[in-house]
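Text of the file input28.txt, holding compact mmCIF, C-alpha atoms:
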# COMPACT_ATOMS: atom_id res chain seq x y z
CA MET A 1 -36.24 -7.31 28.61
CA ALA A 2 -32.97 -8.66 27.23
CA GLU A 3 -30.95 -6.27 25.12
CA GLU A 4 -30.80 -7.01 21.41
CA SER A 5 -27.68 -8.88 20.27
CA VAL A 6 -25.62 -6.84 17.81
CA PHE A 7 -22.45 -6.68 15.75
CA PHE A 8 -20.81 -3.82 13.83
CA VAL A 9 -19.82 -3.31 10.20
CA ASN A 10 -17.77 -0.16 9.50
CA GLY A 11 -19.31 1.38 12.61
CA ASN A 12 -22.92 0.52 11.68
CA LYS A 13 -24.82 -1.45 14.32
CA LEU A 14 -26.52 -4.57 12.92
CA SER A 15 -28.76 -7.15 14.55
CA TRP A 16 -26.91 -10.38 15.42
CA LYS A 17 -28.26 -13.90 15.42
CA GLU A 18 -26.73 -17.36 15.68
CA GLY A 19 -25.45 -18.75 12.38
CA LEU A 20 -24.43 -15.56 10.62
CA VAL A 21 -21.25 -15.83 8.51
CA VAL A 22 -18.99 -13.06 7.24
CA ALA A 23 -20.55 -13.13 3.76
CA ASP A 24 -23.94 -12.28 5.34
CA ALA A 25 -22.52 -9.00 6.66
CA LEU A 26 -21.82 -7.88 3.07
CA LYS A 27 -25.39 -8.71 2.04
CA MET A 28 -26.88 -6.96 5.07
CA MET A 29 -24.90 -3.82 4.20
CA ASN A 30 -25.78 -4.14 0.46
CA TYR A 31 -22.07 -3.96 -0.34
CA THR A 32 -21.42 -4.82 -3.95
CA PHE A 33 -17.76 -3.81 -4.29
CA LYS A 34 -15.81 -6.39 -6.22
CA MET A 35 -12.45 -6.08 -4.47
CA LEU A 36 -12.33 -5.73 -0.77
CA VAL A 37 -10.55 -6.75 2.37
CA ILE A 38 -12.42 -7.84 5.49
CA LYS A 39 -11.06 -7.65 9.01
CA MET A 40 -13.06 -9.03 11.91
CA ASN A 41 -11.96 -8.11 15.43
CA GLY A 42 -8.63 -7.07 13.95
CA GLU A 43 -7.99 -10.35 12.10
CA LEU A 44 -8.03 -10.68 8.33
CA VAL A 45 -10.72 -13.01 6.99
CA LYS A 46 -9.60 -14.51 3.70
CA ARG A 47 -11.98 -14.42 0.75
CA GLU A 48 -12.19 -18.24 0.63
CA ASN A 49 -13.45 -18.23 4.23
CA TRP A 50 -16.18 -15.57 3.93
CA GLN A 51 -18.92 -18.22 3.52
CA THR A 52 -17.77 -20.35 6.45
CA THR A 53 -16.46 -17.95 9.12
CA PRO A 54 -19.13 -17.32 11.77
CA ILE A 55 -19.68 -13.80 13.10
CA PRO A 56 -19.44 -13.76 16.91
CA GLU A 57 -21.79 -11.55 18.91
CA ASN A 58 -20.49 -7.94 19.22
CA ALA A 59 -18.00 -8.56 16.39
CA ASP A 60 -16.34 -5.46 14.95
CA ILE A 61 -16.07 -5.95 11.18
CA LYS A 62 -14.20 -3.57 8.88
CA VAL A 63 -14.81 -3.81 5.15
CA LEU A 64 -12.27 -1.95 3.02
CA HIS A 65 -13.05 -1.12 -0.59
CA LEU A 66 -10.06 -1.39 -2.94
CA ILE A 67 -10.12 0.83 -6.01
CA SER A 68 -7.80 0.50 -9.02
CA GLY A 69 -5.24 3.22 -9.71
CA GLY A 70 -1.56 3.54 -9.01
CA MET B 1 34.01 11.71 -4.28
CA ILE B 2 31.37 12.73 -1.79
CA SER B 3 31.68 10.99 1.57
CA ARG B 4 28.74 9.36 3.31
CA GLU B 5 29.10 11.92 6.12
CA GLU B 6 28.93 14.86 3.70
CA TYR B 7 25.99 13.38 1.84
CA PHE B 8 23.90 12.68 4.93
CA SER B 9 24.37 16.03 6.65
CA LYS B 10 21.67 17.85 8.64
CA ARG B 11 19.66 14.71 9.32
CA ASP B 12 17.39 14.04 12.27
CA PRO B 13 19.69 12.50 14.90
CA ILE B 14 17.04 10.09 16.18
CA ALA B 15 14.93 9.13 13.16
CA PHE B 16 17.62 9.04 10.47
CA PRO B 17 19.70 6.19 11.95
CA LEU B 18 16.50 4.11 12.13
CA TRP B 19 15.69 4.88 8.47
CA GLN B 20 19.24 3.87 7.53
CA LYS B 21 18.73 0.47 9.15
CA ALA B 22 15.31 -0.08 7.56
CA THR B 23 14.36 -2.28 4.62
CA ILE B 24 11.17 -1.10 2.93
CA GLY B 25 9.36 -3.11 0.25
CA ILE B 26 7.59 -1.29 -2.59
CA ALA B 27 5.16 -3.40 -4.64
CA GLY B 28 4.89 -1.64 -8.00
CA ALA B 29 6.98 1.06 -9.69
CA GLY B 30 4.29 3.07 -11.48
CA GLY B 31 2.73 6.39 -10.47
CA LEU B 32 2.71 5.51 -6.77
CA GLY B 33 5.83 3.34 -6.58
CA SER B 34 8.18 5.63 -8.53
CA ASN B 35 7.26 8.61 -6.34
CA ILE B 36 7.47 6.56 -3.13
CA ALA B 37 10.91 5.22 -4.04
CA LEU B 38 12.38 8.64 -4.87
CA SER B 39 11.15 10.20 -1.63
CA LEU B 40 12.28 7.30 0.55
CA ALA B 41 15.68 7.29 -1.15
CA ARG B 42 16.10 11.04 -0.58
CA ALA B 43 15.06 10.67 3.06
CA GLY B 44 17.83 8.13 3.60
CA THR B 45 16.16 4.71 3.73
CA GLY B 46 18.89 2.06 3.94
CA THR B 47 17.41 -0.58 1.63
CA LEU B 48 14.52 -0.57 -0.83
CA ILE B 49 13.10 -3.76 -2.33
CA ILE B 50 11.23 -2.80 -5.53
CA ALA B 51 9.17 -5.20 -7.67
CA ASP B 52 7.51 -4.45 -11.03
CA TYR B 53 7.53 -6.48 -14.26
CA ASP B 54 6.57 -3.58 -16.52
CA ILE B 55 8.59 -1.40 -18.89
CA VAL B 56 8.43 2.40 -19.22
CA THR B 57 6.07 3.64 -21.95
CA LEU B 58 5.23 7.09 -23.30
CA GLU B 59 1.83 7.04 -21.55
CA ASN B 60 3.57 6.64 -18.18
CA LEU B 61 5.30 10.02 -18.37
CA ASN B 62 2.18 11.97 -17.35
CA ARG B 63 2.68 10.86 -13.74
CA GLN B 64 5.53 8.41 -13.31
CA GLN B 65 9.09 9.46 -12.47
CA TYR B 66 10.77 8.40 -15.72
CA THR B 67 12.20 10.20 -18.75
CA LEU B 68 11.74 10.01 -22.53
CA ALA B 69 15.16 8.38 -22.80
CA GLN B 70 13.99 5.57 -20.47
CA ILE B 71 11.07 4.42 -22.65
CA GLY B 72 11.41 0.68 -23.23
CA LYS B 73 13.51 0.06 -20.12
CA LEU B 74 12.35 -2.07 -17.23
CA LYS B 75 10.78 0.27 -14.66
CA VAL B 76 12.79 -1.17 -11.78
CA GLU B 77 16.03 -0.55 -13.66
CA ALA B 78 15.06 2.95 -14.78
CA LEU B 79 14.02 3.78 -11.24
CA ALA B 80 17.30 2.44 -9.81
CA GLU B 81 19.20 4.57 -12.33
CA ASN B 82 17.26 7.68 -11.26
CA ILE B 83 17.78 6.97 -7.56
CA ARG B 84 21.50 6.34 -7.96
CA SER B 85 21.84 9.64 -9.83
CA PHE B 86 21.25 11.46 -6.54
CA ASN B 87 21.92 8.86 -3.81
CA PRO B 88 24.91 6.53 -4.16
CA PHE B 89 24.55 5.30 -0.57
CA ILE B 90 21.38 3.20 -0.82
CA THR B 91 20.97 -0.55 -1.29
CA LEU B 92 18.44 -1.39 -4.00
CA VAL B 93 17.04 -4.90 -4.45
CA LEU B 94 15.22 -5.10 -7.78
CA HIS B 95 12.70 -7.74 -8.89
CA PRO B 96 11.53 -7.33 -12.51
CA VAL B 97 8.71 -9.86 -12.06
CA LYS B 98 4.94 -9.91 -11.63
CA ILE B 99 4.12 -10.26 -7.93
CA THR B 100 2.03 -13.35 -7.16
CA SER B 101 1.02 -15.25 -4.03
CA ALA B 102 3.67 -17.83 -5.04
CA ASN B 103 6.71 -15.50 -5.29
CA PHE B 104 5.54 -12.97 -2.69
CA ASN B 105 7.62 -14.32 0.23
CA ALA B 106 10.78 -14.66 -1.82
CA ILE B 107 10.49 -11.00 -2.90
CA PHE B 108 9.35 -9.23 0.27
CA GLY B 109 10.26 -11.64 3.10
CA ASN B 110 13.13 -9.41 4.25
CA ALA B 111 11.14 -6.17 4.31
CA ASP B 112 10.42 -4.53 7.68
CA LEU B 113 7.38 -2.83 6.16
CA LEU B 114 5.60 -3.08 2.79
CA ILE B 115 4.05 -0.34 0.68
CA GLU B 116 1.38 -1.36 -1.83
CA ALA B 117 1.76 0.64 -5.04
CA LEU B 118 -0.05 -1.55 -7.54
CA ASP B 119 -2.54 -0.51 -10.16
CA GLU B 120 -5.38 -3.04 -10.21
CA ALA B 121 -7.77 -3.63 -7.32
CA GLU B 122 -7.44 -7.42 -7.79
CA GLN B 123 -3.67 -7.16 -7.29
CA LYS B 124 -4.10 -4.89 -4.27
CA GLU B 125 -6.41 -7.42 -2.64
CA MET B 126 -4.00 -10.29 -3.34
CA LEU B 127 -1.07 -8.36 -1.85
CA ILE B 128 -2.95 -7.29 1.28
CA SER B 129 -4.21 -10.85 1.87
CA CYS B 130 -0.74 -12.38 1.39
CA TRP B 131 0.98 -9.86 3.66
CA ALA B 132 -1.65 -9.97 6.42
CA SER B 133 -1.65 -13.77 6.57
CA ASN B 134 2.16 -14.15 6.36
CA TYR B 135 3.22 -11.12 8.42
CA PRO B 136 0.31 -10.14 10.66
CA ASN B 137 2.62 -8.05 12.86
CA LYS B 138 4.35 -6.05 10.13
CA HIS B 139 2.89 -2.87 8.72
CA LEU B 140 1.41 -2.63 5.23
CA ILE B 141 0.57 0.76 3.72
CA ALA B 142 -1.87 0.50 0.80
CA ALA B 143 -3.57 3.07 -1.45
CA SER B 144 -7.20 3.22 -2.58
CA GLY B 145 -8.96 6.05 -4.40
CA LEU B 146 -6.66 8.53 -6.14
CA ALA B 147 -8.32 9.22 -9.49
CA GLY B 148 -8.87 12.81 -10.66
CA PHE B 149 -7.28 16.02 -9.42
CA GLY B 150 -7.81 18.56 -6.64
CA LYS B 151 -9.95 17.67 -3.59
CA ASN B 152 -6.95 17.81 -1.26
CA ALA B 153 -9.03 17.50 1.88
CA SER B 154 -10.62 14.20 0.80
CA ILE B 155 -7.29 12.35 0.90
CA HIS B 156 -6.69 10.76 4.28
CA THR B 157 -5.35 7.64 5.98
CA GLU B 158 -7.43 4.90 7.60
CA HIS B 159 -5.74 2.62 10.12
CA TYR B 160 -6.78 -0.98 10.82
CA GLY B 161 -4.14 -2.37 13.16
CA PHE B 162 -1.08 -3.08 11.01
CA LEU B 163 -2.94 -2.24 7.79
CA HIS B 164 -3.06 1.41 6.71
CA ILE B 165 -4.87 2.75 3.64
CA VAL B 166 -4.22 6.15 2.05
CA GLY B 167 -6.54 7.77 -0.51
CA ASP B 168 -10.04 9.19 -0.73
CA MET B 169 -11.48 5.61 -0.62
CA LYS B 170 -13.95 6.40 -3.41
CA SER B 171 -12.55 7.94 -6.64
CA GLU B 172 -12.76 5.42 -9.48
CA LEU B 173 -10.69 5.80 -12.64
CA LYS B 174 -12.63 6.59 -15.80
CA PRO B 175 -11.90 4.29 -18.77
CA GLU B 176 -8.80 5.40 -20.70
CA ILE B 177 -8.06 8.28 -18.27
CA SER B 178 -4.85 8.00 -16.23
CA PRO B 179 -4.44 9.17 -12.68
CA VAL B 180 -3.08 12.75 -12.57
CA ALA B 181 0.51 13.40 -11.46
CA THR B 182 -0.34 15.71 -8.57
CA ARG B 183 -2.92 13.55 -6.83
CA VAL B 184 -1.06 10.27 -7.30
CA ALA B 185 2.11 11.93 -5.94
CA VAL B 186 0.20 13.24 -2.90
CA VAL B 187 -1.04 9.75 -2.08
CA ALA B 188 2.40 8.24 -2.77
CA ASN B 189 4.13 10.72 -0.49
CA MET B 190 1.54 10.22 2.24
CA GLN B 191 2.31 6.48 2.05
CA ALA B 192 6.07 7.17 2.18
CA ASN B 193 5.63 9.71 4.98
CA LEU B 194 3.68 7.21 7.09
CA ALA B 195 6.35 4.56 6.46
CA LEU B 196 9.05 6.91 7.84
CA GLU B 197 6.86 7.74 10.83
CA LEU B 198 6.27 4.07 11.68
CA ILE B 199 9.98 3.27 11.33
CA ALA B 200 10.96 6.28 13.48
CA LYS B 201 8.61 4.96 16.17
CA GLY B 202 10.56 1.70 16.14
CA ILE B 203 7.67 -0.10 14.34
Produce structure tokens that represent the structure in this file.
Amino acid sequence: MAEESVFFVNGNKLSWKEGLVVADALKMMNYTFKMLVIKMNGELVKRENWQTTPIPENADIKVLHLISGG
Amino acid sequence: MISREEYFSKRDPIAFPLWQKATIGIAGAGGLGSNIALSLARAGTGTLIIADYDIVTLENLNRQQYTLAQIGKLKVEALAENIRSFNPFITLVLHPVKITSANFNAIFGNADLLIEALDEAEQKEMLISCWASNYPNKHLIAASGLAGFGKNASIHTEHYGFLHIVGDMKSELKPEISPVATRVAVVANMQANLALELIAKGI
């Protein structure tokens, strides 16, 4: 039996399938933060590209929550 | 007159010359930025680029490194005055403007490393995006989650390649309640401390 295809968001293992884009990762994680920064395999993904950037198999995505205060 | 040699006595023979050569950008001169700038100036950073459009107000004095007599002054100028009162051997480049994606390169293009010391999350996101797309191989040290007081052990640093974030990553400010001097200064000095470490490693 073939192993399940996966990718990772902040260390959580998620099921991967063809056609997923970066914005889907936020939905799958139920992230609702307003301000955040996304890095995929070490590269920044700009907000305007979240809906169009595909997630490759085994991608390592980091979602950083930015909180006001300074 | 104090000589440069007298002033910079008892310094680390390896790290200090690197700090002297460094140019560090500080985006914001509020609770984080004013503390970061004072510590980096005392440590012997060669050049600081500081940007903030705001003026000092009474409400700032609960955590920001300004005085009653400086109320109404531009923060960057008040901060420069305070730094020069103890370190005459530093180069300060001051930008009393709001940082935007349009003026970002003109302000921070010469910095070896940038420290994010802004207030609003929207501004933090803009700065991180601009820096990471323009300078993917230069370090950026941001802050997230510093509201409240105490909880020392919850403050830490997360590293994502050239992006570093200091804070507890979760404390939200309550409406009309400022950050508290102690916790904002801890985060600020952890940002400054990491900047010195990265520069001492040769970046």
### Query
Around (11.1, -10.7, -1.7) in the file's own coordinates, what residues are found within 10 Å if you use all atoms listed in the file, given back as a PyMOL selection string?
chain B and resi 25+27+49-51+93-95+99+103-111
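If you look at CA of Leu58 (chain B) and CA of Asn87 (chain B), they are 25.7 Å away from each other.
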### Message
What does the structure give for the distance between CA of Trp131 (chain B) and CA of Gly31 (chain B), in Å to one decimal?
### Response
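Straight-line distance from CA of Trp131 (chain B) to CA of Gly31 (chain B) works out to 21.6 Å.
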### Task
Counting only C-alpha atoms, collect the residues of chain B whose closest atom lies at most 9 Å from chain A, and write them out as an NGL selection string.
:B and (28-33 or 117-125 or 128-129 or 132-133 or 136 or 143-147 or 160-161 or 165 or 169-173 or 178-179 or 184 or 188)
### Query
Which value, in Å to one decimal, gives the distance between CA of Phe16 (chain B) and CA of Ala80 (chain B)?
21.3 Å
### Task
Can you work out which one of B:Leu140, B:Ile14, B:Phe86, B:Leu68 has the shortest atom-to-atom distance to Leu38 (chain B), counting only C-alpha atoms?
B:Phe86
### Message
Can you tell me which residues surround region 21-28 of chain A at a distance of at most 10 Å, considering only C-alpha atoms, apart from same-chain residues fewer than 5 positions away, and format the answer as a PyMOL selection string?
### Response
chain A and resi 7-9+14-16+33+38-40+45+47+49-56+61+63
